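What follows is the content of entry22.txt (compact mmCIF, C-alpha atoms).
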# COMPACT_ATOMS: atom_id res chain seq x y z
CA MET V 1 0.00 0.00 0.00
CA ALA V 2 1.87 3.04 -1.21
CA ASN V 3 -0.63 5.70 -0.31
CA THR V 4 -1.14 5.12 3.38
CA VAL V 5 0.53 6.35 6.52
CA HIS V 6 1.10 4.41 9.70
CA ILE V 7 -0.66 5.94 12.68
CA ASP V 8 -0.16 5.16 16.36
CA VAL V 9 -2.44 6.58 19.01
CA VAL V 10 -1.00 5.95 22.45
CA SER V 11 -1.69 7.21 25.94
CA ALA V 12 0.45 6.75 29.02
CA GLU V 13 -1.90 4.09 30.31
CA ALA V 14 -2.71 2.17 27.16
CA SER V 15 -2.14 1.80 23.45
CA ILE V 16 -5.32 3.02 21.77
CA PHE V 17 -4.94 2.53 18.05
CA SER V 18 -2.30 1.37 15.63
CA GLY V 19 -2.66 0.83 11.92
CA GLU V 20 -2.46 2.12 8.37
CA ALA V 21 -4.53 5.14 7.46
CA GLU V 22 -5.37 6.95 4.25
CA PHE V 23 -6.31 10.18 5.93
CA VAL V 24 -6.24 11.57 9.46
CA VAL V 25 -8.00 14.61 10.91
CA ALA V 26 -6.86 15.91 14.28
CA PRO V 27 -8.05 18.86 16.42
CA ALA V 28 -4.74 20.74 16.60
CA ALA V 29 -4.29 23.76 18.83
CA ALA V 30 -4.42 26.17 15.89
CA GLY V 31 -7.39 24.50 14.25
CA GLU V 32 -8.19 21.17 12.66
CA VAL V 33 -5.47 19.62 10.59
CA GLY V 34 -5.89 16.99 7.95
CA ILE V 35 -2.98 14.72 7.24
CA TYR V 36 -2.50 12.73 4.07
CA PRO V 37 0.39 10.37 3.48
CA HIS V 38 3.71 12.11 2.75
CA HIS V 39 2.87 15.07 4.93
CA ALA V 40 5.81 17.25 5.92
CA PRO V 41 7.27 16.55 9.38
CA MET V 42 5.23 18.46 11.92
CA ILE V 43 4.69 18.61 15.65
CA THR V 44 1.77 20.30 17.33
CA THR V 45 -0.26 20.26 20.49
CA VAL V 46 -3.75 18.84 20.23
CA LYS V 47 -6.91 20.12 21.88
CA ALA V 48 -9.63 17.97 23.33
CA GLY V 49 -11.75 16.65 20.52
CA SER V 50 -12.31 13.85 18.13
CA LEU V 51 -9.61 12.25 16.07
CA ARG V 52 -10.86 10.96 12.72
CA ILE V 53 -8.95 8.20 11.05
CA LYS V 54 -9.81 6.88 7.60
CA VAL V 55 -8.42 3.39 7.97
CA ALA V 56 -7.03 1.80 4.83
CA ASN V 57 -9.42 -0.59 3.08
CA GLU V 58 -12.32 0.34 5.33
CA ALA V 59 -15.28 2.40 4.30
CA GLU V 60 -16.08 3.73 7.76
CA GLU V 61 -13.99 6.34 9.50
CA GLN V 62 -12.74 5.62 13.00
CA HIS V 63 -13.49 8.23 15.64
CA ILE V 64 -11.35 8.42 18.72
CA TYR V 65 -12.00 10.95 21.44
CA ILE V 66 -8.86 12.44 22.97
CA SER V 67 -8.67 14.94 25.78
CA GLY V 68 -5.57 16.62 24.40
CA GLY V 69 -1.98 15.72 23.76
CA ILE V 70 0.66 16.01 21.09
CA LEU V 71 0.53 15.14 17.43
CA GLU V 72 3.73 14.27 15.66
CA VAL V 73 4.11 13.70 11.94
CA GLN V 74 7.23 12.03 10.62
CA PRO V 75 7.73 10.83 7.08
CA GLY V 76 5.45 7.80 6.82
CA LEU V 77 4.51 7.86 10.50
CA VAL V 78 1.94 9.75 12.53
CA THR V 79 2.03 9.55 16.31
CA VAL V 80 -0.63 10.90 18.62
CA LEU V 81 0.48 11.08 22.23
CA ALA V 82 -2.88 11.35 23.92
CA ASP V 83 -3.33 12.65 27.44
CA THR V 84 -5.20 10.49 29.87
CA ALA V 85 -5.88 13.39 32.17
CA VAL V 86 -7.65 16.64 31.48
CA ARG V 87 -4.84 19.16 31.31
CA GLY V 88 -4.56 22.86 31.68
CA ALA V 89 -2.08 25.29 33.16
CA ASP V 90 -4.45 26.20 36.00
CA LEU V 91 -5.42 22.61 36.67
CA ASP V 92 -1.80 21.48 36.78
CA GLU V 93 -0.92 24.36 39.05
CA ALA V 94 -3.75 23.46 41.40
CA LYS V 95 -2.51 19.90 41.55
CA ALA V 96 1.03 21.07 42.25
CA ILE V 97 -0.18 23.25 45.10
CA GLN V 98 -2.15 20.33 46.48
CA ALA V 99 0.94 18.10 46.41
CA LYS V 100 2.98 20.81 48.10
CA GLU V 101 0.42 21.33 50.82
CA ALA V 102 0.24 17.62 51.46
CA ALA V 103 4.00 17.59 51.95
CA GLU V 104 3.92 20.59 54.27
CA GLU V 105 1.19 18.97 56.29
CA ALA V 106 3.18 15.77 56.57
CA MET V 107 6.34 17.67 57.51
CA LYS V 108 4.79 19.51 60.45
CA ASN V 109 6.04 17.24 63.18
CA ARG V 110 9.47 16.14 62.22
CA THR V 111 13.00 16.49 63.44
CA SER V 112 15.14 19.27 62.05
CA ASP V 113 18.14 17.71 60.38
CA ILE V 114 18.56 14.59 58.36
CA ASP V 115 19.54 11.89 60.77
CA TYR V 116 21.47 9.50 58.55
CA ALA V 117 22.88 7.54 61.42
CA LYS V 118 19.40 6.75 62.67
CA ALA V 119 18.21 5.89 59.18
CA GLN V 120 21.07 3.56 58.54
CA ALA V 121 20.70 1.89 61.89
CA GLU V 122 17.08 1.27 60.99
CA PHE V 123 18.07 -0.29 57.69
CA ALA V 124 20.75 -2.43 59.25
CA GLU V 125 18.14 -3.78 61.60
CA ALA V 126 15.56 -4.42 58.88
CA ILE V 127 18.09 -6.08 56.58
CA ALA V 128 19.41 -8.22 59.42
CA GLN V 129 15.89 -9.36 60.16
CA ILE V 130 15.25 -10.28 56.56
CA GLN V 131 18.55 -12.15 56.30
CA MET V 132 17.84 -13.96 59.54
CA ILE V 133 14.48 -15.11 58.23
CA GLN V 134 16.05 -16.29 54.99
CA LYS V 135 18.74 -18.18 56.89
CA LEU V 136 16.15 -19.80 59.11
CA ARG V 137 14.17 -20.88 56.10
CA LYS V 138 17.22 -22.42 54.48
CA ASN V 139 18.03 -24.38 57.61
CA ILE V 140 14.58 -25.82 57.80
CA HIS V 141 14.70 -27.21 54.29
CA MET Y 1 -2.51 -33.21 80.22
CA ALA Y 2 -0.48 -30.23 81.29
CA GLY Y 3 -0.20 -27.44 78.74
CA SER Y 4 -2.15 -29.26 76.01
CA LYS Y 5 -4.87 -26.64 76.03
CA GLU Y 6 -2.31 -23.88 75.52
CA ILE Y 7 -0.79 -25.76 72.61
CA ARG Y 8 -4.22 -26.25 71.06
CA THR Y 9 -4.94 -22.53 71.32
CA LYS Y 10 -1.58 -21.75 69.79
CA ILE Y 11 -2.20 -24.10 66.87
CA LYS Y 12 -5.55 -22.47 66.29
CA SER Y 13 -3.99 -19.01 66.31
CA VAL Y 14 -1.22 -19.95 63.87
CA GLU Y 15 -3.81 -21.56 61.62
CA ASN Y 16 -5.76 -18.32 61.57
CA THR Y 17 -2.65 -16.37 60.70
CA ARG Y 18 -1.94 -18.79 57.91
CA LYS Y 19 -5.42 -18.28 56.51
CA ILE Y 20 -4.76 -14.56 56.31
CA THR Y 21 -1.32 -14.83 54.73
CA LYS Y 22 -2.64 -17.38 52.26
CA ALA Y 23 -5.47 -15.07 51.29
CA MET Y 24 -3.08 -12.14 50.91
CA GLU Y 25 -0.83 -14.28 48.75
CA MET Y 26 -3.65 -15.09 46.39
CA VAL Y 27 -4.87 -11.50 46.26
CA ALA Y 28 -1.34 -10.30 45.51
CA ALA Y 29 -0.96 -12.94 42.79
CA SER Y 30 -4.06 -11.74 40.97
CA LYS Y 31 -3.16 -8.07 41.43
CA MET Y 32 0.35 -8.78 40.22
CA ARG Y 33 -0.88 -9.98 36.87
CA LYS Y 34 -2.90 -6.82 36.39
CA ALA Y 35 -0.06 -4.61 37.55
CA GLN Y 36 2.28 -6.29 35.08
CA ASP Y 37 -0.18 -5.74 32.26
CA ARG Y 38 -0.43 -2.07 33.15
CA MET Y 39 3.32 -1.81 33.24
CA ARG Y 40 3.51 -3.25 29.75
CA ALA Y 41 0.66 -1.09 28.51
CA SER Y 42 2.59 2.04 29.40
CA ARG Y 43 5.59 1.08 27.31
CA PRO Y 44 4.41 2.08 23.82
CA TYR Y 45 3.73 5.64 24.99
CA ALA Y 46 7.09 5.87 26.71
CA GLU Y 47 8.84 4.62 23.61
CA LYS Y 48 7.04 6.98 21.27
CA ILE Y 49 7.53 10.03 23.41
CA ARG Y 50 11.16 9.09 23.88
CA ASN Y 51 11.65 8.95 20.12
CA VAL Y 52 10.07 12.35 19.67
CA ALA Y 53 12.12 13.84 22.51
CA ALA Y 54 15.28 12.30 21.05
CA HIS Y 55 14.51 13.85 17.73
CA LEU Y 56 13.81 17.23 19.27
CA SER Y 57 17.02 17.21 21.27
CA HIS Y 58 18.95 16.89 18.02
CA ALA Y 59 16.82 18.78 15.56
CA GLN Y 60 15.86 21.97 17.35
CA ALA Y 61 18.44 24.71 17.26
CA GLU Y 62 16.60 27.99 17.81
CA TYR Y 63 14.93 26.98 21.06
CA LYS Y 64 16.63 24.71 23.53
CA HIS Y 65 14.47 23.52 26.38
CA PRO Y 66 15.95 24.04 29.87
CA PHE Y 67 15.52 20.30 30.57
CA LEU Y 68 18.08 19.57 27.89
CA ILE Y 69 20.73 22.01 29.09
CA LYS Y 70 23.32 20.59 31.42
CA ARG Y 71 24.28 22.94 34.23
CA ASP Y 72 27.94 23.40 35.06
CA VAL Y 73 27.62 22.96 38.78
CA ALA Y 74 24.98 20.90 40.50
CA LYS Y 75 24.44 22.54 43.87
CA ASN Y 76 21.03 21.19 44.70
CA VAL Y 77 19.59 17.83 43.88
CA GLY Y 78 15.99 16.71 43.68
CA LEU Y 79 14.97 13.14 44.34
CA ILE Y 80 11.65 11.47 43.65
CA VAL Y 81 11.20 8.45 45.87
CA VAL Y 82 8.69 5.89 44.65
CA SER Y 83 7.51 3.49 47.33
CA SER Y 84 4.46 1.42 48.09
CA ASP Y 85 1.53 2.62 50.17
CA LYS Y 86 1.22 -0.54 52.16
CA GLY Y 87 3.69 -2.74 53.93
CA LEU Y 88 3.98 -6.53 54.17
CA CYS Y 89 5.89 -6.78 50.93
CA GLY Y 90 9.25 -8.12 52.02
CA GLY Y 91 12.32 -5.97 51.64
CA LEU Y 92 10.93 -3.92 48.77
CA ASN Y 93 10.78 -0.49 50.38
CA THR Y 94 13.71 -1.13 52.68
CA ASN Y 95 16.04 -1.88 49.78
CA MET Y 96 14.85 1.09 47.77
CA LEU Y 97 15.11 3.50 50.70
CA ARG Y 98 18.54 2.22 51.59
CA LEU Y 99 19.74 3.02 48.09
CA SER Y 100 18.23 6.51 48.31
CA VAL Y 101 19.68 7.23 51.72
CA ASN Y 102 23.15 6.08 50.68
CA GLN Y 103 22.95 8.33 47.65
CA MET Y 104 21.64 11.21 49.75
CA LYS Y 105 24.53 10.78 52.13
CA THR Y 106 27.00 10.96 49.25
CA TRP Y 107 25.32 14.10 48.00
CA GLU Y 108 25.48 15.68 51.40
CA THR Y 109 29.19 14.96 51.79
CA GLU Y 110 29.59 16.65 48.41
CA GLY Y 111 27.85 19.66 49.89
CA LYS Y 112 24.68 19.41 47.81
CA GLY Y 113 21.28 20.39 49.08
CA ILE Y 114 18.61 17.73 48.75
CA GLN Y 115 14.91 18.11 48.08
CA VAL Y 116 12.69 15.11 48.13
CA SER Y 117 9.38 14.31 46.54
CA ALA Y 118 7.67 11.25 47.94
CA ILE Y 119 5.29 9.00 46.04
CA GLY Y 120 3.77 6.40 48.32
CA ASN Y 121 3.10 6.26 52.02
CA LYS Y 122 6.14 4.26 53.11
CA GLY Y 123 8.64 6.58 51.48
CA LEU Y 124 6.90 9.67 52.83
CA GLY Y 125 6.82 8.33 56.36
CA PHE Y 126 10.45 7.42 56.21
CA MET Y 127 11.64 10.66 54.65
CA ASN Y 128 9.76 12.59 57.28
CA ARG Y 129 11.17 10.49 60.07
CA ILE Y 130 14.75 11.09 59.01
CA GLY Y 131 13.96 14.77 58.52
CA ALA Y 132 14.47 15.14 54.77
CA ASN Y 133 13.15 18.20 53.01
CA VAL Y 134 9.98 16.86 51.43
CA ARG Y 135 8.69 19.27 48.81
CA SER Y 136 5.69 17.39 47.55
CA ASN Y 137 4.05 14.07 48.03
CA ILE Y 138 1.21 11.89 46.92
CA ILE Y 139 -0.11 8.92 48.86
CA GLY Y 140 -2.98 6.54 48.40
CA LEU Y 141 -2.52 5.82 44.72
CA GLY Y 142 -4.41 2.55 45.03
CA ASP Y 143 -3.75 -0.31 42.64
CA VAL Y 144 -3.97 1.70 39.45
CA PRO Y 145 -1.34 4.38 38.91
CA HIS Y 146 -3.30 7.23 37.35
CA LEU Y 147 -1.13 9.79 35.64
CA GLU Y 148 -3.57 12.45 36.74
CA LYS Y 149 -2.60 11.93 40.36
CA LEU Y 150 1.10 12.19 39.65
CA ILE Y 151 1.02 15.44 37.66
CA GLY Y 152 1.03 17.75 40.68
CA THR Y 153 3.80 15.98 42.52
CA VAL Y 154 6.04 15.93 39.49
CA LYS Y 155 5.25 19.50 38.56
CA VAL Y 156 6.53 20.76 41.90
CA MET Y 157 9.92 19.24 41.14
CA LEU Y 158 9.92 20.40 37.52
CA ASP Y 159 9.07 23.92 38.63
CA ALA Y 160 11.87 23.77 41.17
CA TYR Y 161 14.21 22.74 38.37
CA THR Y 162 13.07 25.52 36.06
CA ALA Y 163 13.37 28.05 38.89
CA GLY Y 164 16.92 26.88 39.57
CA GLU Y 165 16.15 25.54 43.03
CA ILE Y 166 17.46 22.17 41.98
CA ASP Y 167 20.04 21.43 39.28
CA GLN Y 168 19.50 17.73 38.91
CA LEU Y 169 16.53 15.45 39.35
CA PHE Y 170 16.70 11.76 40.13
CA ILE Y 171 14.09 9.10 40.64
CA CYS Y 172 14.47 6.07 42.85
CA HIS Y 173 12.10 3.16 42.45
CA THR Y 174 12.07 -0.62 42.39
CA LYS Y 175 12.73 -2.13 39.01
CA PHE Y 176 10.67 -5.14 38.07
CA ILE Y 177 12.94 -7.83 36.65
CA ASN Y 178 10.72 -10.84 37.13
CA THR Y 179 8.28 -12.21 39.66
CA MET Y 180 11.03 -13.44 41.93
CA LYS Y 181 13.46 -10.59 41.44
CA GLN Y 182 13.05 -6.86 41.93
CA GLU Y 183 15.91 -4.43 42.26
CA PRO Y 184 16.05 -0.84 43.47
CA ALA Y 185 17.23 1.56 40.80
CA MET Y 186 18.23 5.22 40.69
CA VAL Y 187 17.79 7.04 37.39
CA GLN Y 188 18.59 10.61 36.45
CA LEU Y 189 15.60 12.43 34.98
CA LEU Y 190 16.97 15.94 34.56
CA PRO Y 191 18.84 17.31 32.78
CA LEU Y 192 18.04 14.97 29.94
CA SER Y 193 21.19 14.00 28.19
CA GLY Y 194 21.29 13.35 24.47
CA GLU Y 195 22.98 10.01 25.12
CA THR Y 196 20.16 8.61 27.21
CA LEU Y 197 17.66 9.69 24.60
CA GLY Y 198 19.64 8.02 21.87
CA SER Y 199 20.48 9.28 18.45
CA SER Y 200 17.79 10.01 15.96
CA SER Y 201 17.62 9.11 12.35
CA GLY Y 202 17.60 11.78 9.69
CA HIS Y 203 18.40 15.47 9.88
CA TRP Y 204 15.07 17.08 9.21
CA ASP Y 205 13.31 19.42 11.54
CA TYR Y 206 9.62 19.67 12.32
CA ILE Y 207 7.16 22.32 11.40
CA TYR Y 208 6.06 23.62 14.78
CA GLU Y 209 2.40 24.50 15.19
CA PRO Y 210 1.76 27.11 16.48
CA GLU Y 211 5.29 27.77 17.79
CA ALA Y 212 8.27 25.76 18.89
CA LYS Y 213 8.34 26.77 22.54
CA PRO Y 214 4.89 25.75 23.80
CA VAL Y 215 5.02 22.51 21.86
CA ILE Y 216 8.44 21.55 23.16
CA ASP Y 217 7.53 22.66 26.68
CA SER Y 218 4.46 20.49 26.87
CA LEU Y 219 6.26 17.60 25.22
CA MET Y 220 9.14 17.69 27.68
CA MET Y 221 6.76 17.88 30.60
CA ARG Y 222 4.88 14.87 29.34
CA TYR Y 223 8.08 13.01 28.73
CA ILE Y 224 9.22 13.40 32.32
CA GLU Y 225 5.74 12.55 33.55
CA SER Y 226 5.69 9.42 31.47
CA LEU Y 227 9.03 8.38 32.94
CA VAL Y 228 7.67 8.90 36.44
CA TYR Y 229 4.46 7.09 35.53
CA ASN Y 230 6.50 4.17 34.25
CA ALA Y 231 8.53 4.08 37.43
CA VAL Y 232 5.35 4.03 39.50
CA ALA Y 233 3.75 1.31 37.34
CA GLU Y 234 6.89 -0.77 37.62
CA ASN Y 235 7.04 -0.18 41.35
CA MET Y 236 3.47 -1.42 41.72
CA ALA Y 237 4.20 -4.58 39.79
CA SER Y 238 7.25 -5.10 41.99
CA GLU Y 239 5.20 -4.46 45.10
CA GLN Y 240 2.60 -7.09 44.25
CA SER Y 241 5.11 -9.75 43.30
CA SER Y 242 7.23 -9.00 46.33
CA ARG Y 243 4.17 -9.25 48.52
CA MET Y 244 3.13 -12.48 46.91
CA VAL Y 245 6.55 -14.02 47.57
CA ALA Y 246 6.65 -12.68 51.13
CA MET Y 247 3.18 -13.99 51.89
CA LYS Y 248 3.95 -17.34 50.34
CA SER Y 249 6.94 -17.80 52.59
CA ALA Y 250 4.89 -16.61 55.56
CA SER Y 251 2.25 -19.25 54.76
CA ASP Y 252 4.93 -21.90 54.40
CA ASN Y 253 6.43 -20.89 57.71
CA ALA Y 254 3.04 -21.05 59.40
CA LYS Y 255 2.55 -24.53 58.00
CA GLU Y 256 5.85 -25.65 59.49
CA VAL Y 257 5.07 -24.09 62.83
CA ILE Y 258 1.71 -25.84 62.87
CA GLY Y 259 3.42 -29.15 62.11
CA ASP Y 260 5.90 -28.67 64.93
CA LEU Y 261 3.20 -27.66 67.36
CA LYS Y 262 1.07 -30.66 66.47
CA LEU Y 263 4.02 -32.94 67.14
CA ILE Y 264 4.54 -31.37 70.56
CA TYR Y 265 0.83 -31.60 71.26
CA ASN Y 266 0.66 -35.29 70.38
CA LYS Y 267 3.73 -36.04 72.47
CA ALA Y 268 2.21 -34.27 75.44
CA ARG Y 269 -1.06 -36.14 74.93
CA GLN Y 270 0.72 -39.47 74.70
CA ALA Y 271 2.81 -38.72 77.77
CA ALA Y 272 -0.36 -37.91 79.69
CA ILE Y 273 -2.03 -41.16 78.62
CA THR Y 274 1.03 -43.23 79.49
CA LYS Y 275 1.17 -41.59 82.86
CA GLU Y 276 -2.50 -42.30 83.50
CA ILE Y 277 -2.17 -45.96 82.54
CA SER Y 278 0.86 -46.44 84.72
CA GLU Y 279 -1.03 -44.82 87.58
CA ILE Y 280 -4.01 -47.13 87.10
CA VAL Y 281 -1.75 -50.18 86.84
CA GLY Y 282 0.15 -49.05 89.91
CA GLY Y 283 -3.11 -48.45 91.77
CA ALA Y 284 -4.50 -51.87 90.76
CA ALA Y 285 -1.28 -53.58 91.90
CA ALA Y 286 -1.49 -51.84 95.27
CA VAL Y 287 -5.11 -52.99 95.78
CA ALA Y 288 -4.46 -56.60 94.78
Structure re-expressed in structure tokens:
Amino acid sequence: MANTVHIDVVSAEASIFSGEAEFVVAPAAAGEVGIYPHHAPMITTVKAGSLRIKVANEAEEQHIYISGGILEVQPGLVTVLADTAVRGADLDEAKAIQAKEAAEEAMKNRTSDIDYAKAQAEFAEAIAQIQMIQKLRKNIH
Amino acid sequence: MAGSKEIRTKIKSVENTRKITKAMEMVAASKMRKAQDRMRASRPYAEKIRNVAAHLSHAQAEYKHPFLIKRDVAKNVGLIVVSSDKGLCGGLNTNMLRLSVNQMKTWETEGKGIQVSAIGNKGLGFMNRIGANVRSNIIGLGDVPHLEKLIGTVKVMLDAYTAGEIDQLFICHTKFINTMKQEPAMVQLLPLSGETLGSSSGHWDYIYEPEAKPVIDSLMMRYIESLVYNAVAENMASEQSSRMVAMKSASDNAKEVIGDLKLIYNKARQAAITKEISEIVGGAAAVA
């Protein structure tokens, strides 16, 4: 098939679509873009919307909803890196603040300096326990 | 029959413990399979985004993302510690935290400041106990590592990097090798070096829509997030398999203990019967 382009739609949590396509329409940040085979190399952010893929040798178009992400076009290869989460500068910022606050909350009652000696003593103890158990198990068998 | 009641109670109690460890083993086994699938499912995305990032690191000349620029001196270091939320999973967290602490100690002797971001309850508790500077944390991820939950935690560290508060960013998690073997691993996230990204094929550049900067910015952010997501997914698979193995050996141990206790119990019972018979015989002889 000379006049098709390979398209991969992947998200961090799963692979969504992979196959040959004759034509792809994606909701790019600057407006919808249509991609035919042999498109020039391009990279763009994608808005939330529907991705239309005209799969080779199929009459029906495939519709995939994506909540945003990045569209990359290489010679003979289109990659859509779809977001699994709803993104936005404000949303991300809010999440960051939340994570920070959680840390501050957790840090409230703690000792001042890093006590490596104490930490390593704790490890030594834990490791010794594990080794002891393993040794015991070996002796039994 | 001195002490036989105590032994019986003890056997009962060990049997109950064994029921629990056995159940946990089976739960972990089924969760492990799912966690492994999720770990594998995240690979295509990681690979794709890595390829794109590799290409960008070579192709783009007019705008170089701060994540790609190596700083001359690394004064402050950031560390993301990925641990499990729950315990009872063998030496998983202990091994990982030992690696982190050793590394942190080295950094401190080199005079570097350390900022920590904790993913998972065990790591957070520990980092707080030893008094590390925890900048952000997320706990209670559950069995499914949703990227959405990780965004905030990672962003705090990325912002710190962009603002120059840290000059390097590392992640420490447990690498899943196979069901029986998991190893702690420390990986450098930032700055991204061209070598770790690998070389790209061809010397063409992209058309950037609408502009290079926002596209590269969001791509780099997602790339780091995907690396962290992968680490968390791998850590979860490690956690479940480690727990399964730990619980299996606990169940086996319980079985042995029960066997030993039963032997003692039967001996005590037999001794009691023998004693009783000899008493009766002795008594009968005295009467006759």
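Among the candidates V:Val78, V:Ala99, V:Ile16, V:Ala21, the residue lying nearest to chain Y is V:Ala99 (atoms considered: only C-alpha atoms).
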Item checked: Nearest to chain V by atom-to-atom distance, counting all atoms listed in the file, from Y:Thr21, Y:Thr106, Y:Gln168, Y:Thr94 ->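 Going through Y:Thr21, Y:Thr106, Y:Gln168, Y:Thr94 one by one, the smallest distance to chain V is for Y:Thr94.
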Item checked: Distance-based interface of chain Y with chain V, 7 Å, counting only C-alpha atoms, as a ChimeraX atom specification -> /Y:38,41-42,44-45,94,98,128-132,134-138,147-148,151-153,155-156,206-210,215,226
Which residues are close to Y:Gly259, i.e. within 9 Å by all atoms listed in the file, leaving aside same-chain residues fewer than 5 positions away? Reply as a CSV table (one decimal) with C-alpha atoms, in the coordinates of the input.
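Resulting contents of result34.csv:
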chain,number,residue,atom,x,y,z
Y,11,ILE,CA,-2.2,-24.1,66.9
Y,254,ALA,CA,3.0,-21.0,59.4
Y,264,ILE,CA,4.5,-31.4,70.6
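A straight line drawn from atom CA of Y:Val116 to atom CA of Y:Ala74 is 15.6 Å long.
Take the candidates Y:Val82, Y:Ile277, Y:Leu97, Y:Leu192 and check each one against Y:Arg50 using all atoms listed in the file; the shortest distance goes to Y:Leu192.
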Notebook entry, point to check: Nearest to V:Gln62 among V:Glu32, V:Glu125, V:Glu22, V:Asp90, with distances taken over all atoms listed in the file: which residue is it?
Noted result: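 Ranking V:Glu32, V:Glu125, V:Glu22, V:Asp90 by distance to V:Gln62, first place goes to V:Glu22.
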Next item on the list: To one decimal in Å, tell me the separation between atom CA of V:Gly68 and atom CA of Y:Leu169.
Entry: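 We find that atom CA of V:Gly68 and atom CA of Y:Leu169 lie 26.7 Å from each other.
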Step by step, gather every atom of stretch 58-61 of chain V that the file lists, find the box along x, y and z that holds them, add 5 Å on each side, and finally give centre and edge lengths in Å to one decimal, as lines of an AutoDock Vina configuration file.
center_x = -14.2
center_y = 3.3
center_z = 6.9
size_x = 13.8
size_y = 16.0
size_z = 15.2
Item checked: Straight-line distance linking atom CA of Y:Pro184 with atom CA of Y:Asn95, stated in Å to one decimal ->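 Those two atoms sit 6.4 Å apart.
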Item checked: Selection near Y:Gly113, 10 Å with only C-alpha atoms, sequence-local residues under 4 positions removed, as a PyMOL selection string -> chain Y and resi 74-78+104+107-109+133+165-167
Next item on the list: Can you pull out every residue within 12 Å of V:Lys54, counting only C-alpha atoms, but drop anything in the same chain fewer than 5 positions away, and send it as a ChimeraX atom specification?
Entry: /V:4-7,19-26,34-37,59-64
